[in-house]
Amino acid sequence: PKSRAACAVYPATTESLTQAELPEAAKNCPRIFPRRKPRPSSLMSGASFMARWSPGVAGEVLARPYEPNHPAVRALALRGNRLYVGGTFWSVNGQTRNNLAVLDARTGELLPWNPNPNGEVRCIIARGTTLYLAGYFSTIGDSARVGLAAFQERSGKLTRWNPNADGPALAMAIGGRTLYVGGQFDRMGGQARNSVAAVDLETGEVAAWDAGLKPPRYYIAHGNWSWPFVQGIAVHGNTVYLSGWFSEAGGKPRQSVAALDSRTAAATEFDAQL
């Protein structure tokens, strides 16, 4: 019997070689080739998808300090084959869409829904059959909605849910039946809340939970004010994490990042010491 000591597994590039063209050491060896993966058939895979999926977003951003002055997409939410897109823009694929649109996630085709918020959309969350928005808007179509709004996902209709913030909302996170909202506002639902609040997902009612961020809003000069803002929220178990700019949260010194009890709003022992 012939020795197999000189045998080797040759790469797939030798598959097209004839017996005469094979290396001498390989002529008496089994020819083993890797199994080829089937080509993707879905538009969601491969270079053909990347070439086709190209929704065109156009618009103009009102300049804010340290932010780009051009069309910007700030938020995404994926529900099945529908991709919800929020930001600051006035058209998508050559059709009018102000700051919010929905695309076919497979093809990039613009879908008919056109809610028309009058300001930037910063955050989108889909929960059950409801789509929640946060941003710099004050109206959705002809309806007043400051900072927060909710839609029925299937019909695309604006719901009655309205926590009634008095300023922009920039971040949201869900914990149980509660939506934690961060932004730059003084009041939510008529109650004093310094840039972060908790509201009921179904009713929009403001919960007693109050992080008590500091410093309070204060006047600078020439009509300008400064006060804390929250632009990131995460919920894990019974803990709500906040990020933004503030010096105190939950009754303890916390510089710009904090962890609070989701039931009492008291600061936990977590302290990043920034």
# chains A, B, ... in the order shown; residues from 1 in each chain; ligands from 1
$ residues_around --residues "A:Pro253" --least-positions-apart "5" --cutoff "12 Å" --atoms "only C-alpha atoms" --output "ChimeraX atom specification"
/A:211-215,246-248,258-259,266-274
$ closest_residue --among "A:Val92, A:Ala249, A:Leu260, A:Ala173" --to "A:Ile233" --atoms "only C-alpha atoms"
A:Ala173
$ residues_around --residues "A:Asp142" --least-positions-apart "5" --cutoff "12 Å" --atoms "only C-alpha atoms" --output "list in words"
Pro115, Asn116, Pro117, Asn118 and Leu158 of chain A
$ select_by_dssp --residues "stretch 223-264 of chain A" --states "strand (DSSP E or B)" --output "list in words"
Asn224, Trp225, Ser226, Phe229, Val230, Gln231, Gly232, Ile233, Ala234, Val235, His236, Thr239, Val240, Tyr241, Leu242, Ser243, Gly244, Trp245, Glu248, Ala249, Lys252, Pro253, Val257, Ala258, Ala259, Leu260 and Asp261 of chain A
$ write_last_selection --atoms "N, CA and C atoms" --output "compact mmCIF listing (two decimals), in the first residue's frame"
# COMPACT_ATOMS: atom_id res chain seq x y z
N ASN A 224 -30.41 83.57 27.25
CA ASN A 224 -29.98 82.18 27.26
C ASN A 224 -30.03 81.59 28.67
N TRP A 225 -30.46 80.33 28.72
CA TRP A 225 -30.55 79.60 29.99
C TRP A 225 -29.71 78.33 29.90
N SER A 226 -29.36 77.81 31.06
CA SER A 226 -28.66 76.53 31.12
C SER A 226 -29.33 75.67 32.18
N PHE A 229 -29.43 68.20 31.16
CA PHE A 229 -30.14 67.44 30.13
C PHE A 229 -29.75 65.97 30.25
N VAL A 230 -30.64 65.12 29.78
CA VAL A 230 -30.41 63.68 29.75
C VAL A 230 -30.59 63.22 28.31
N GLN A 231 -29.56 62.60 27.74
CA GLN A 231 -29.65 62.14 26.35
C GLN A 231 -29.37 60.65 26.20
N GLY A 232 -29.26 59.94 27.32
CA GLY A 232 -29.12 58.49 27.27
C GLY A 232 -29.78 57.85 28.48
N ILE A 233 -30.57 56.81 28.25
CA ILE A 233 -31.23 56.07 29.34
C ILE A 233 -31.17 54.58 29.03
N ALA A 234 -30.89 53.79 30.03
CA ALA A 234 -30.94 52.33 29.92
C ALA A 234 -31.57 51.78 31.20
N VAL A 235 -32.36 50.73 31.06
CA VAL A 235 -33.02 50.10 32.21
C VAL A 235 -32.58 48.65 32.28
N HIS A 236 -32.14 48.26 33.48
CA HIS A 236 -31.78 46.86 33.71
C HIS A 236 -32.32 46.45 35.08
N THR A 239 -32.90 48.99 38.01
CA THR A 239 -31.98 50.13 37.93
C THR A 239 -32.19 50.90 36.63
N VAL A 240 -32.23 52.22 36.75
CA VAL A 240 -32.32 53.12 35.60
C VAL A 240 -31.01 53.89 35.50
N TYR A 241 -30.32 53.76 34.37
CA TYR A 241 -29.05 54.45 34.16
C TYR A 241 -29.31 55.70 33.31
N LEU A 242 -28.70 56.81 33.70
CA LEU A 242 -28.85 58.08 33.00
C LEU A 242 -27.49 58.59 32.55
N SER A 243 -27.46 59.24 31.39
CA SER A 243 -26.26 59.96 30.96
C SER A 243 -26.67 61.29 30.37
N GLY A 244 -25.80 62.27 30.48
CA GLY A 244 -26.07 63.60 29.97
C GLY A 244 -25.17 64.61 30.61
N TRP A 245 -25.77 65.69 31.10
CA TRP A 245 -25.00 66.68 31.87
C TRP A 245 -25.82 67.07 33.10
N GLU A 248 -25.97 66.31 40.09
CA GLU A 248 -26.57 65.55 41.17
C GLU A 248 -27.77 64.77 40.63
N ALA A 249 -27.95 63.56 41.12
CA ALA A 249 -29.09 62.73 40.72
C ALA A 249 -29.45 61.80 41.86
N LYS A 252 -27.75 62.36 45.41
CA LYS A 252 -26.31 62.24 45.65
C LYS A 252 -25.53 62.90 44.52
N PRO A 253 -24.30 63.37 44.82
CA PRO A 253 -23.47 63.93 43.75
C PRO A 253 -23.16 62.87 42.70
N VAL A 257 -23.33 60.91 34.81
CA VAL A 257 -23.81 59.54 34.65
C VAL A 257 -24.23 59.03 36.03
N ALA A 258 -25.38 58.35 36.07
CA ALA A 258 -25.91 57.92 37.37
C ALA A 258 -26.74 56.66 37.20
N ALA A 259 -26.90 55.94 38.30
CA ALA A 259 -27.78 54.77 38.36
C ALA A 259 -28.77 55.00 39.49
N LEU A 260 -30.07 54.88 39.16
CA LEU A 260 -31.12 55.17 40.13
C LEU A 260 -32.03 53.97 40.30
N ASP A 261 -32.61 53.85 41.48
CA ASP A 261 -33.59 52.80 41.74
C ASP A 261 -34.85 53.10 40.93
$ closest_residue --among "A:Trp209, A:Tyr84, A:Tyr218, A:Phe185" --to "A:Tyr136" --atoms "only C-alpha atoms"
A:Phe185
$ residues_around --residues "A:Ile124" --least-positions-apart "5" --cutoff "9 Å" --atoms "only C-alpha atoms" --output "list in words"
Ala75, Leu76, Ala77, Tyr84, Val85, Gly86, Leu131, Tyr132, Leu133, Ala134, Ala171 and Met172 of chain A
$ atom_distance --atom1 "atom CA of A:Glu205" --atom2 "atom CA of A:Arg263"
15.7 Å
$ atom_distance --atom1 "atom CA of A:Asp166" --atom2 "atom CA of A:Gly128"
26.7 Å
$ atom_distance --atom1 "atom CA of A:Trp161" --atom2 "atom CA of A:Gly80"
23.8 Å
